[in-house]
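Novice: Contents of entry-v5.cif (mmCIF, C-alpha atoms and all ligand atoms):
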data_input
loop_
_atom_site.label_atom_id
_atom_site.label_comp_id
_atom_site.auth_asym_id
_atom_site.auth_seq_id
_atom_site.Cartn_x
_atom_site.Cartn_y
_atom_site.Cartn_z
CA MET T 1 0.00 0.00 0.00
CA THR T 2 1.16 3.54 -0.67
CA ALA T 3 -0.48 6.09 1.58
CA HIS T 4 -2.58 8.95 0.30
CA ILE T 5 -0.53 12.04 1.24
CA ILE T 6 -2.76 14.54 3.04
CA ASP T 7 -1.77 17.89 1.57
CA GLY T 8 -1.91 20.22 4.57
CA LYS T 9 -0.49 23.11 2.58
CA THR T 10 -3.39 23.12 0.11
CA ILE T 11 -6.05 22.39 2.75
CA ALA T 12 -4.69 25.24 4.91
CA ALA T 13 -4.60 27.64 1.94
CA ASP T 14 -8.26 26.77 1.23
CA LEU T 15 -9.20 27.44 4.89
CA ARG T 16 -7.27 30.73 4.89
CA GLY T 17 -9.12 31.72 1.73
CA LYS T 18 -12.50 31.08 3.42
CA VAL T 19 -11.45 33.05 6.51
CA THR T 20 -10.23 35.92 4.28
CA ASP T 21 -13.59 36.03 2.46
CA ALA T 22 -15.42 36.14 5.81
CA VAL T 23 -13.11 38.90 7.05
CA HIS T 24 -13.87 40.97 3.93
CA ARG T 25 -17.61 40.49 4.52
CA LEU T 26 -17.19 41.58 8.15
CA LEU T 27 -15.51 44.80 7.02
CA ARG T 28 -18.08 45.46 4.26
CA ASP T 29 -21.18 44.73 6.39
CA ARG T 30 -20.07 45.81 9.89
CA GLY T 31 -16.95 47.93 9.46
CA LEU T 32 -14.99 45.49 11.65
CA VAL T 33 -11.37 44.36 11.25
CA PRO T 34 -10.43 41.46 13.56
CA GLY T 35 -7.19 42.11 15.43
CA ILE T 36 -4.77 39.67 17.00
CA ALA T 37 -1.93 40.51 19.36
CA VAL T 38 1.04 38.14 19.24
CA VAL T 39 3.38 38.46 22.21
CA LEU T 40 6.92 37.10 22.03
CA VAL T 41 9.19 37.18 25.08
CA GLY T 42 12.89 36.60 24.53
CA GLU T 43 14.86 35.42 21.55
CA ASN T 44 14.00 31.80 20.76
CA PRO T 45 14.86 31.55 17.02
CA ALA T 46 12.14 28.95 16.26
CA SER T 47 9.52 31.12 18.00
CA GLU T 48 10.70 34.19 16.08
CA VAL T 49 10.19 32.36 12.77
CA TYR T 50 6.68 31.24 13.83
CA VAL T 51 5.73 34.71 14.98
CA ARG T 52 6.93 36.35 11.74
CA THR T 53 5.00 33.81 9.66
CA LYS T 54 1.89 34.27 11.81
CA SER T 55 1.98 38.07 11.42
CA LYS T 56 2.36 37.80 7.64
CA MET T 57 -0.60 35.41 7.34
CA VAL T 58 -2.75 37.55 9.66
CA ALA T 59 -2.16 40.59 7.43
CA ALA T 60 -2.77 38.55 4.25
CA ALA T 61 -6.17 37.48 5.66
CA GLY T 62 -7.16 41.15 6.04
CA MET T 63 -6.78 41.18 9.81
CA HIS T 64 -4.85 43.57 12.01
CA ALA T 65 -1.63 42.17 13.55
CA ILE T 66 -0.31 43.71 16.75
CA ASP T 67 3.19 42.36 17.45
CA ARG T 68 4.66 42.88 20.92
CA LYS T 69 8.24 41.79 21.40
CA LEU T 70 9.62 41.87 24.94
CA PRO T 71 13.16 41.16 26.21
CA ALA T 72 14.05 37.79 27.78
CA THR T 73 14.48 39.59 31.12
CA THR T 74 10.78 40.63 31.24
CA SER T 75 9.25 39.96 34.67
CA GLU T 76 5.99 38.10 35.25
CA ALA T 77 4.42 41.34 36.54
CA GLU T 78 5.40 43.18 33.34
CA LEU T 79 3.91 40.47 31.13
CA LEU T 80 0.74 40.36 33.26
CA ALA T 81 0.46 44.14 32.82
CA LEU T 82 0.73 43.79 29.02
CA VAL T 83 -1.92 41.05 28.99
CA GLY T 84 -4.18 43.33 31.04
CA GLU T 85 -3.65 46.14 28.53
CA LEU T 86 -4.49 43.85 25.58
CA ASN T 87 -7.55 42.45 27.40
CA ALA T 88 -8.87 46.01 27.72
CA ASP T 89 -8.15 47.05 24.11
CA PRO T 90 -11.30 46.72 21.95
CA ALA T 91 -9.16 46.56 18.76
CA VAL T 92 -7.63 43.32 20.04
CA ASN T 93 -9.93 40.33 19.52
CA GLY T 94 -7.31 37.63 20.01
CA ILE T 95 -4.26 37.34 22.26
CA LEU T 96 -1.51 34.79 21.69
CA VAL T 97 1.46 34.62 24.05
CA GLN T 98 4.07 32.48 22.33
CA LEU T 99 5.30 29.54 24.45
CA PRO T 100 7.70 28.60 25.91
CA LEU T 101 8.24 31.60 28.19
CA PRO T 102 11.50 32.35 30.05
CA PRO T 103 11.88 30.48 33.36
CA GLN T 104 11.10 33.48 35.61
CA ILE T 105 7.55 33.59 34.19
CA ASP T 106 4.84 31.09 35.19
CA SER T 107 3.07 30.34 31.90
CA HIS T 108 -0.04 29.05 33.73
CA LYS T 109 -0.46 32.42 35.46
CA ILE T 110 -0.13 34.27 32.15
CA ILE T 111 -2.60 32.01 30.33
CA ALA T 112 -5.11 32.36 33.17
CA ALA T 113 -4.84 36.16 32.93
CA ILE T 114 -5.90 36.26 29.26
CA ASP T 115 -9.57 37.14 28.73
CA PRO T 116 -11.09 33.71 27.79
CA ALA T 117 -13.07 35.42 24.99
CA LYS T 118 -9.73 36.53 23.44
CA ASP T 119 -7.91 33.25 24.12
CA VAL T 120 -7.35 32.24 20.47
CA ASP T 121 -4.89 29.54 21.60
CA GLY T 122 -7.68 27.82 23.58
CA PHE T 123 -5.30 27.34 26.52
CA HIS T 124 -7.25 29.21 29.23
CA PRO T 125 -8.69 26.83 31.87
CA LEU T 126 -12.21 28.03 31.02
CA ASN T 127 -11.82 27.05 27.35
CA VAL T 128 -10.08 23.77 28.32
CA GLY T 129 -13.04 22.97 30.59
CA ARG T 130 -15.63 23.96 28.00
CA LEU T 131 -13.98 21.70 25.39
CA ALA T 132 -13.88 18.81 27.89
CA SER T 133 -17.55 19.42 28.75
CA GLY T 134 -18.64 19.43 25.11
CA LEU T 135 -19.53 23.14 25.18
CA PRO T 136 -18.64 25.65 22.45
CA ALA T 137 -15.11 26.94 23.10
CA LEU T 138 -12.06 28.45 21.49
CA VAL T 139 -10.00 25.30 20.87
CA PRO T 140 -6.24 24.93 20.41
CA CYS T 141 -5.07 25.50 16.83
CA THR T 142 -2.75 22.54 16.20
CA PRO T 143 -5.26 19.95 17.53
CA LEU T 144 -8.04 21.57 15.50
CA GLY T 145 -5.83 21.35 12.41
CA CYS T 146 -5.05 17.66 13.12
CA VAL T 147 -8.73 16.76 13.32
CA MET T 148 -9.56 18.71 10.15
CA LEU T 149 -6.82 16.80 8.29
CA ALA T 150 -7.97 13.43 9.70
CA LYS T 151 -11.51 14.22 8.54
CA THR T 152 -10.30 14.63 4.95
CA ALA T 153 -9.37 10.93 4.99
CA HIS T 154 -12.59 9.59 6.59
CA VAL T 155 -16.31 10.10 6.05
CA SER T 156 -16.61 10.05 9.85
CA LEU T 157 -14.20 9.53 12.75
CA ALA T 158 -16.99 7.91 14.83
CA GLY T 159 -16.01 4.54 16.24
CA LEU T 160 -12.41 4.69 15.04
CA ASP T 161 -9.70 3.47 17.40
CA ALA T 162 -7.61 6.63 17.77
CA VAL T 163 -4.26 6.65 19.55
CA VAL T 164 -2.61 9.93 20.51
CA ILE T 165 1.07 9.69 21.42
CA GLY T 166 1.91 12.63 23.68
CA ARG T 167 -0.03 14.27 26.52
CA SER T 168 0.95 17.94 26.30
CA ASN T 169 -1.55 20.70 27.05
CA ILE T 170 -0.82 22.20 23.61
CA VAL T 171 -1.48 19.08 21.49
CA GLY T 172 -1.98 15.65 23.13
CA LYS T 173 -4.72 16.40 25.64
CA PRO T 174 -6.82 18.78 23.49
CA VAL T 175 -6.58 16.58 20.37
CA ALA T 176 -7.85 13.68 22.49
CA GLN T 177 -10.83 15.80 23.58
CA LEU T 178 -11.60 16.83 20.00
CA LEU T 179 -11.45 13.19 18.84
CA LEU T 180 -13.77 12.17 21.70
CA ALA T 181 -16.17 14.87 20.54
CA GLU T 182 -16.05 13.19 17.10
CA ASN T 183 -17.02 9.88 18.80
CA ALA T 184 -13.67 8.17 18.25
CA THR T 185 -12.46 5.68 20.88
CA VAL T 186 -9.42 7.54 22.17
CA THR T 187 -6.30 6.32 23.98
CA VAL T 188 -3.61 8.78 25.05
CA ALA T 189 -0.16 7.18 25.19
CA HIS T 190 2.96 8.71 26.72
CA SER T 191 6.49 7.97 27.89
CA LYS T 192 5.25 5.61 30.63
CA THR T 193 2.87 3.64 28.39
CA ARG T 194 3.70 -0.06 28.62
CA ASP T 195 2.97 -1.64 25.25
CA LEU T 196 3.22 1.42 22.97
CA LEU T 197 3.95 -0.66 19.87
CA GLY T 198 1.00 -3.01 20.46
CA LEU T 199 -1.29 -0.05 21.14
CA CYS T 200 -0.26 1.80 17.98
CA ARG T 201 -0.66 -1.32 15.86
CA ARG T 202 -4.36 -1.41 16.73
CA ALA T 203 -4.95 2.26 15.82
CA ASP T 204 -7.13 3.24 12.86
CA LEU T 205 -6.00 6.81 13.47
CA LEU T 206 -2.59 7.61 14.95
CA ILE T 207 -1.63 11.12 16.06
CA ALA T 208 2.10 11.42 16.73
CA ALA T 209 2.92 14.40 18.99
CA ILE T 210 6.02 13.17 20.75
CA GLY T 211 8.80 15.53 19.70
CA ARG T 212 11.25 12.76 18.75
CA PRO T 213 12.51 12.58 15.17
CA GLU T 214 11.16 9.62 13.15
CA MET T 215 10.26 7.55 16.23
CA VAL T 216 7.13 6.01 14.71
CA ARG T 217 8.22 3.21 12.37
CA ALA T 218 6.43 1.15 9.72
CA ASP T 219 5.89 -1.84 12.05
CA TRP T 220 3.92 0.41 14.47
CA ILE T 221 1.24 1.00 11.84
CA LYS T 222 -1.92 -0.99 11.14
CA PRO T 223 -2.10 -1.39 7.34
CA GLY T 224 -4.41 1.30 5.93
CA ALA T 225 -4.37 3.47 9.09
CA THR T 226 -4.41 7.28 8.97
CA VAL T 227 -1.29 8.85 10.48
CA ILE T 228 -1.13 12.52 11.49
CA ASP T 229 2.43 13.69 12.22
CA VAL T 230 2.61 16.72 14.53
CA GLY T 231 6.40 16.60 14.99
CA ILE T 232 8.71 19.36 13.79
CA ASN T 233 12.28 18.22 14.53
CA ARG T 234 15.43 19.77 13.17
CA VAL T 235 18.08 17.12 12.48
CA ALA T 236 21.52 17.14 10.90
CA GLY T 237 21.44 16.68 7.12
CA GLN T 238 22.07 13.23 5.65
CA GLU T 239 25.14 12.11 3.75
CA GLY T 240 25.14 13.52 0.27
CA GLN T 241 23.62 16.78 1.48
CA GLN T 242 25.68 19.90 1.98
CA ALA T 243 27.81 19.73 5.14
CA GLY T 244 26.32 21.71 8.04
CA LYS T 245 22.84 21.75 6.47
CA SER T 246 19.97 20.63 8.67
CA ARG T 247 16.53 19.39 7.65
CA ILE T 248 13.13 19.17 9.29
CA VAL T 249 11.59 15.76 9.98
CA GLY T 250 8.44 14.70 11.81
CA ASP T 251 7.88 12.17 14.58
CA VAL T 252 7.09 9.59 11.89
CA ALA T 253 9.59 7.77 9.64
CA TYR T 254 7.83 9.15 6.59
CA ALA T 255 9.06 6.98 3.69
CA GLU T 256 8.62 3.61 5.42
CA VAL T 257 5.30 4.52 7.07
CA ALA T 258 3.95 5.75 3.70
CA ALA T 259 4.34 2.18 2.46
CA VAL T 260 1.95 0.82 5.15
CA ALA T 261 -0.47 3.63 6.10
CA GLY T 262 -3.66 4.47 4.20
CA ALA T 263 -3.16 8.21 4.63
CA LEU T 264 -0.30 10.27 6.03
CA THR T 265 0.57 13.93 6.60
CA PRO T 266 4.01 15.10 5.44
CA VAL T 267 6.48 17.24 7.42
CA PRO T 268 6.77 20.00 6.40
CA GLY T 269 3.47 20.69 4.63
CA GLY T 270 1.06 18.76 6.86
CA VAL T 271 -0.09 19.91 10.28
CA GLY T 272 2.18 23.02 10.40
CA PRO T 273 0.27 25.16 7.88
CA MET T 274 -3.05 24.15 9.50
CA THR T 275 -2.01 25.63 12.87
CA ILE T 276 -1.82 29.16 11.48
CA ALA T 277 -4.96 28.75 9.37
CA CYS T 278 -6.83 27.63 12.53
CA LEU T 279 -5.42 30.62 14.43
CA LEU T 280 -6.96 32.90 11.80
CA LEU T 281 -10.26 31.00 12.10
CA ASN T 282 -10.21 31.32 15.91
CA THR T 283 -9.50 35.06 15.66
CA LEU T 284 -12.42 35.53 13.27
CA ARG T 285 -14.68 33.49 15.56
CA ALA T 286 -13.54 35.48 18.61
CA ALA T 287 -14.15 38.81 16.81
CA CYS T 288 -17.67 37.73 15.79
CA ALA T 289 -18.54 36.52 19.31
CA GLN T 290 -17.21 39.72 20.92
CA ASN T 291 -19.39 41.79 18.61
CA GLY T 292 -22.54 39.77 19.21
CA LEU T 293 -22.48 38.29 15.71
CA PRO T 294 -23.21 34.67 14.82
CA ALA T 295 -20.26 32.34 14.31
CA PRO T 296 -19.07 32.40 10.68
CA SER T 297 -20.13 29.29 8.76
CA ILE T 298 -16.73 27.88 7.79
N1 LIG P 301 4.42 27.17 21.04
C1 LIG P 301 4.34 26.07 20.27
N2 LIG P 301 3.08 25.90 19.79
C2 LIG P 301 2.35 26.94 20.29
C3 LIG P 301 1.00 27.33 20.13
O1 LIG P 301 0.18 26.69 19.46
N3 LIG P 301 0.63 28.47 20.79
C4 LIG P 301 1.51 29.17 21.55
N4 LIG P 301 1.05 30.27 22.18
N5 LIG P 301 2.77 28.85 21.72
C5 LIG P 301 3.19 27.73 21.07
#
Before anything else, please render the file you have as structure tokens.
Ligand code: GUN

Specialist:
Amino acid sequence: MTAHIIDGKTIAADLRGKVTDAVHRLLRDRGLVPGIAVVLVGENPASEVYVRTKSKMVAAAGMHAIDRKLPATTSEAELLALVGELNADPAVNGILVQLPLPPQIDSHKIIAAIDPAKDVDGFHPLNVGRLASGLPALVPCTPLGCVMLAKTAHVSLAGLDAVVIGRSNIVGKPVAQLLLAENATVTVAHSKTRDLLGLCRRADLLIAAIGRPEMVRADWIKPGATVIDVGINRVAGQEGQQAGKSRIVGDVAYAEVAAVAGALTPVPGGVGPMTIACLLLNTLRAACAQNGLPAPSI
């Protein structure tokens, strides 16, 4: 079997196009421009690349991007003060504080200080609880993107055996909640899971969010399964490539898994582009809700 490659780049571009159309309608009919504040503390190069890409895509979707860059020495009180300022600003519909934060700042305190209505990351305890309770919520972007991609490979996710490897608050736990809401039978595996291989081999849908390059191998995969690779790992280039060059690989050994799986997301070009597209969708949804307008039908 050769897996169908789920083209996250194209699916994300399509979603961004729909959000952009809805943003243009919002401006035409209501005079509103959704705004998102992206806060970056310190100088993590990977975070800087994400934040630059996010701001570009926000502007391309017709939204207003407010970038706030703070030094690595910023105190918790200073960041809390900025969050308070953004909460109070009516031009800001969404607030994203890029993680990780420097060690002197408690990220839980910062997340809890964000107005839940502006929490476009879906990390605030109120949104986490609403998602777990099956209530409408702002939901985390990467998990939302994973489920959208999985749905392109299945008429329905109901009844599927889904295995999530990884239990982070950013991906593992929320993607498990979203899959439960789709009526999948969900198991969350992690570093202490006993028979990880046996568990994965029974999965109709496997979500790999481990953070270890190419850990998921072909013999972990049930023939025909759908595999969603959340990993973004920078590794040294292979022989034959230019010395000193690095490349990005996922948590899944792509070439060998593609020979067994039914459908597979590539890295790059799979989940990554969906995260930003879902951030735009969440910002649009937040702007509509804050202005008493119905949720856009996307
Ligand atoms: N760092 C890595 N992924 C994310 C994300 O989805 N949101 C935020 N705020 N920080 C991140």

Novice: Neighbouring residues of ligand LIG 301 (chain P) are defined here as those with any atom at most 8 Å from a ligand atom, counting all atoms listed in the file; list them as a PyMOL selection string.

Specialist: chain T and resi 47+96-100+121+140-142+170+275

Novice: Next, dump the selected residues to file, keeping only C-alpha atoms, as a tab-separated table (two decimals), keeping the file's coordinate frame.

Specialist:
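What landed in again19.tsv:
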chain	number	residue	atom	x	y	z
T	47	SER	CA	9.52	31.12	18.00
T	96	LEU	CA	-1.51	34.79	21.69
T	97	VAL	CA	1.46	34.62	24.05
T	98	GLN	CA	4.07	32.48	22.33
T	99	LEU	CA	5.30	29.54	24.45
T	100	PRO	CA	7.70	28.60	25.91
T	121	ASP	CA	-4.89	29.54	21.60
T	140	PRO	CA	-6.24	24.93	20.41
T	141	CYS	CA	-5.07	25.50	16.83
T	142	THR	CA	-2.75	22.54	16.20
T	170	ILE	CA	-0.82	22.20	23.61
T	275	THR	CA	-2.01	25.63	12.87

Novice: Against stretch 2-16 of chain T, which residues of stretch 233-273 of chain T fall within 8 Å? For each one I want the closest pair of atoms and the distance in Å (one decimal), counting only C-alpha atoms, rows by chain and increasing residue number, as a Markdown table.

Specialist:
| residue | atom | partner | partner_atom | distance |
| --- | --- | --- | --- | --- |
| T:Ala258 | CA | T:Ala3 | CA | 4.9 |
| T:Ala259 | CA | T:Thr2 | CA | 4.7 |
| T:Val260 | CA | T:Thr2 | CA | 6.5 |
| T:Ala261 | CA | T:Ala3 | CA | 5.1 |
| T:Gly262 | CA | T:Ala3 | CA | 4.4 |
| T:Ala263 | CA | T:His4 | CA | 4.4 |
| T:Leu264 | CA | T:Ile5 | CA | 5.1 |
| T:Thr265 | CA | T:Ile6 | CA | 4.9 |
| T:Pro266 | CA | T:Ile5 | CA | 6.9 |
| T:Gly269 | CA | T:Lys9 | CA | 5.1 |
| T:Gly270 | CA | T:Gly8 | CA | 4.0 |
| T:Val271 | CA | T:Gly8 | CA | 6.0 |
| T:Gly272 | CA | T:Gly8 | CA | 7.7 |
| T:Pro273 | CA | T:Lys9 | CA | 5.7 |

Novice: I'd like the interatomic distance between atom CA of T:Glu78 and atom CA of T:Ile66, to a tenth of an Å.

Specialist: 17.6 Å

Novice: Sort by chain and increasing residue number a table of all residues of stretch 5-73 of chain T within 12 Å of stretch 104-117 of chain T, each with its closest pair of atoms and their distance in Å to one decimal, counting all atoms listed in the file, and write it as a Markdown table.

Specialist:
| residue | atom | partner | partner_atom | distance |
| --- | --- | --- | --- | --- |
| T:Ala37 | CA | T:Ile114 | CA | 11.5 |
| T:Val39 | CA | T:Ile110 | CA | 11.3 |
| T:Val41 | CA | T:Ile105 | CA | 9.9 |
| T:Gly42 | CA | T:Ile105 | CA | 11.4 |
| T:Ala72 | CA | T:Gln104 | CA | 9.4 |
| T:Thr73 | CA | T:Gln104 | CA | 8.3 |

Novice: Save out the residues we just selected, C-alpha atoms, as a PDB file, keeping the file's coordinate frame.

Specialist:
ATOM      1  CA  ALA T  37      -1.930  40.510  19.360  1.00  0.00           C
ATOM      2  CA  VAL T  39       3.380  38.460  22.210  1.00  0.00           C
ATOM      3  CA  VAL T  41       9.190  37.180  25.080  1.00  0.00           C
ATOM      4  CA  GLY T  42      12.890  36.600  24.530  1.00  0.00           C
ATOM      5  CA  ALA T  72      14.050  37.790  27.780  1.00  0.00           C
ATOM      6  CA  THR T  73      14.480  39.590  31.120  1.00  0.00           C
TER       7      THR T  73
END

Novice: Give me the residues within 9 Å of T:Asp161 as a PyMOL selection string, counting all atoms listed in the file and dropping any in the same chain fewer than 3 places off.

Specialist: chain T and resi 157-158+184-187+202-206

Novice: Under the rule that all atoms listed in the file are counted, which of T:Pro143, T:Arg194, T:Leu80, T:Leu281 is the nearest residue to T:Val230?

Specialist: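 Comparing T:Pro143, T:Arg194, T:Leu80, T:Leu281 against T:Val230, the winner is T:Pro143.
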
Novice: For each of T:Asn169, T:Ser156, T:Thr226, T:Asn183, take the minimum atom-to-atom distance to T:Phe123, counting only C-alpha atoms, then give the residue where this is smallest.

Specialist: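 Checking each candidate against T:Phe123, we get T:Asn169 as the closest.
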
Novice: Between atom CA of T:Lys151 and atom CA of T:Cys278, measure the distance and give it in Å to one decimal.

Specialist: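 So the two atoms, atom CA of T:Lys151 and atom CA of T:Cys278, lie 14.8 Å apart.
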
Novice: Counting all atoms listed in the file, which residue out of T:Thr53, T:Ser168, T:Asn93, T:Thr74 sits closest to T:Val33?

Specialist: T:Asn93

Novice: Report as JSON, numbers by chain all protein, DNA and RNA residues lying within 6 Å of stretch 213-219 of chain T, evaluated on only C-alpha atoms, omitting residues in the same chain fewer than 5 positions from it.

Specialist: {"T": [233, 250, 251, 252, 253, 256, 257]}

Novice: Have a look at T:Cys200, T:Ile210, T:Pro174, T:Thr283 and name the one nearest to T:Ala65; count all atoms listed in the file.

Specialist: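 The shortest atom-to-atom distance to T:Ala65 comes from T:Thr283.
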
Novice: Restricting the calculation to all atoms listed in the file: of T:Gly292, T:His64, T:Met57, T:Leu101, which residue gets closest to T:Glu76?

Specialist: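 Going through T:Gly292, T:His64, T:Met57, T:Leu101 one by one, the smallest distance to T:Glu76 is for T:Leu101.
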
Novice: Of the candidates T:Val38, T:Val227, T:Ile298, T:Ala255, which shows the shortest atom-to-atom distance to T:Lys69, using only C-alpha atoms?

Specialist: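 Using only C-alpha atoms, T:Lys69 sits closest to T:Val38.
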
Novice: Using atom CA of T:Ser246 and atom CA of T:Ala150 as the two end points, give the distance in Å to one decimal.

Specialist: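 Computing it gives 28.9 Å between the two atoms.
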
Novice: Counting only C-alpha atoms, which residues come within 12 Å of (-16.7, 33.3, 4.4), with the point read in the file's coordinates, and could you list them as a ChimeraX atom specification?

Specialist: /T:14-27,61,281,284-285,295-298

Novice: If you take every atom of stretch 99-109 of chain T that the file lists and fit an axis-aligned box around them with 4 Å extra on each side, what centre and edge lengths come out in Å to one decimal, as JSON?

Specialist:
{"center_x": 5.7, "center_y": 31.1, "center_z": 30.0, "size_x": 20.3, "size_y": 13.0, "size_z": 19.2}

Novice: Writing N, CA and C atoms and nothing else, produce stretch 80-99 of chain T as an mmCIF file, in the first residue's frame.

Specialist:
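Here's the written file part-v2.cif:
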data_model
loop_
_atom_site.group_PDB
_atom_site.id
_atom_site.type_symbol
_atom_site.label_atom_id
_atom_site.label_comp_id
_atom_site.auth_asym_id
_atom_site.auth_seq_id
_atom_site.Cartn_x
_atom_site.Cartn_y
_atom_site.Cartn_z
ATOM 1 N N LEU T 80 2.139 40.309 32.808
ATOM 2 C CA LEU T 80 0.735 40.365 33.258
ATOM 3 C C LEU T 80 0.135 41.737 32.945
ATOM 4 N N ALA T 81 0.945 42.783 33.104
ATOM 5 C CA ALA T 81 0.458 44.143 32.821
ATOM 6 C C ALA T 81 0.138 44.290 31.332
ATOM 7 N N LEU T 82 0.993 43.718 30.465
ATOM 8 C CA LEU T 82 0.728 43.793 29.025
ATOM 9 C C LEU T 82 -0.545 43.021 28.667
ATOM 10 N N VAL T 83 -0.706 41.839 29.261
ATOM 11 C CA VAL T 83 -1.921 41.050 28.992
ATOM 12 C C VAL T 83 -3.160 41.844 29.423
ATOM 13 N N GLY T 84 -3.063 42.512 30.565
ATOM 14 C CA GLY T 84 -4.184 43.327 31.045
ATOM 15 C C GLY T 84 -4.525 44.443 30.059
ATOM 16 N N GLU T 85 -3.478 45.059 29.514
ATOM 17 C CA GLU T 85 -3.653 46.145 28.533
ATOM 18 C C GLU T 85 -4.350 45.603 27.268
ATOM 19 N N LEU T 86 -3.907 44.440 26.799
ATOM 20 C CA LEU T 86 -4.486 43.848 25.583
ATOM 21 C C LEU T 86 -5.923 43.375 25.837
ATOM 22 N N ASN T 87 -6.179 42.851 27.040
ATOM 23 C CA ASN T 87 -7.552 42.452 27.396
ATOM 24 C C ASN T 87 -8.510 43.630 27.272
ATOM 25 N N ALA T 88 -8.009 44.825 27.670
ATOM 26 C CA ALA T 88 -8.870 46.014 27.719
ATOM 27 C C ALA T 88 -8.992 46.720 26.371
ATOM 28 N N ASP T 89 -8.180 46.340 25.402
ATOM 29 C CA ASP T 89 -8.148 47.047 24.111
ATOM 30 C C ASP T 89 -9.203 46.475 23.160
ATOM 31 N N PRO T 90 -10.221 47.259 22.810
ATOM 32 C CA PRO T 90 -11.297 46.720 21.951
ATOM 33 C C PRO T 90 -10.829 46.368 20.536
ATOM 34 N N ALA T 91 -9.667 46.902 20.104
ATOM 35 C CA ALA T 91 -9.158 46.564 18.760
ATOM 36 C C ALA T 91 -8.479 45.188 18.749
ATOM 37 N N VAL T 92 -8.263 44.645 19.930
ATOM 38 C CA VAL T 92 -7.628 43.325 20.037
ATOM 39 C C VAL T 92 -8.705 42.282 20.310
ATOM 40 N N ASN T 93 -8.941 41.407 19.345
ATOM 41 C CA ASN T 93 -9.934 40.335 19.519
ATOM 42 C C ASN T 93 -9.296 39.028 19.965
ATOM 43 N N GLY T 94 -8.002 38.873 19.647
ATOM 44 C CA GLY T 94 -7.314 37.633 20.008
ATOM 45 C C GLY T 94 -5.961 37.943 20.613
ATOM 46 N N ILE T 95 -5.575 37.160 21.630
ATOM 47 C CA ILE T 95 -4.264 37.336 22.260
ATOM 48 C C ILE T 95 -3.550 35.991 22.231
ATOM 49 N N LEU T 96 -2.326 35.995 21.692
ATOM 50 C CA LEU T 96 -1.505 34.788 21.688
ATOM 51 C C LEU T 96 -0.164 35.127 22.322
ATOM 52 N N VAL T 97 0.138 34.466 23.424
ATOM 53 C CA VAL T 97 1.456 34.624 24.053
ATOM 54 C C VAL T 97 2.259 33.391 23.654
ATOM 55 N N GLN T 98 3.289 33.614 22.859
ATOM 56 C CA GLN T 98 4.072 32.484 22.328
ATOM 57 C C GLN T 98 4.766 31.729 23.462
ATOM 58 N N LEU T 99 4.645 30.413 23.466
ATOM 59 C CA LEU T 99 5.301 29.540 24.451
ATOM 60 C C LEU T 99 6.482 28.858 23.777
#
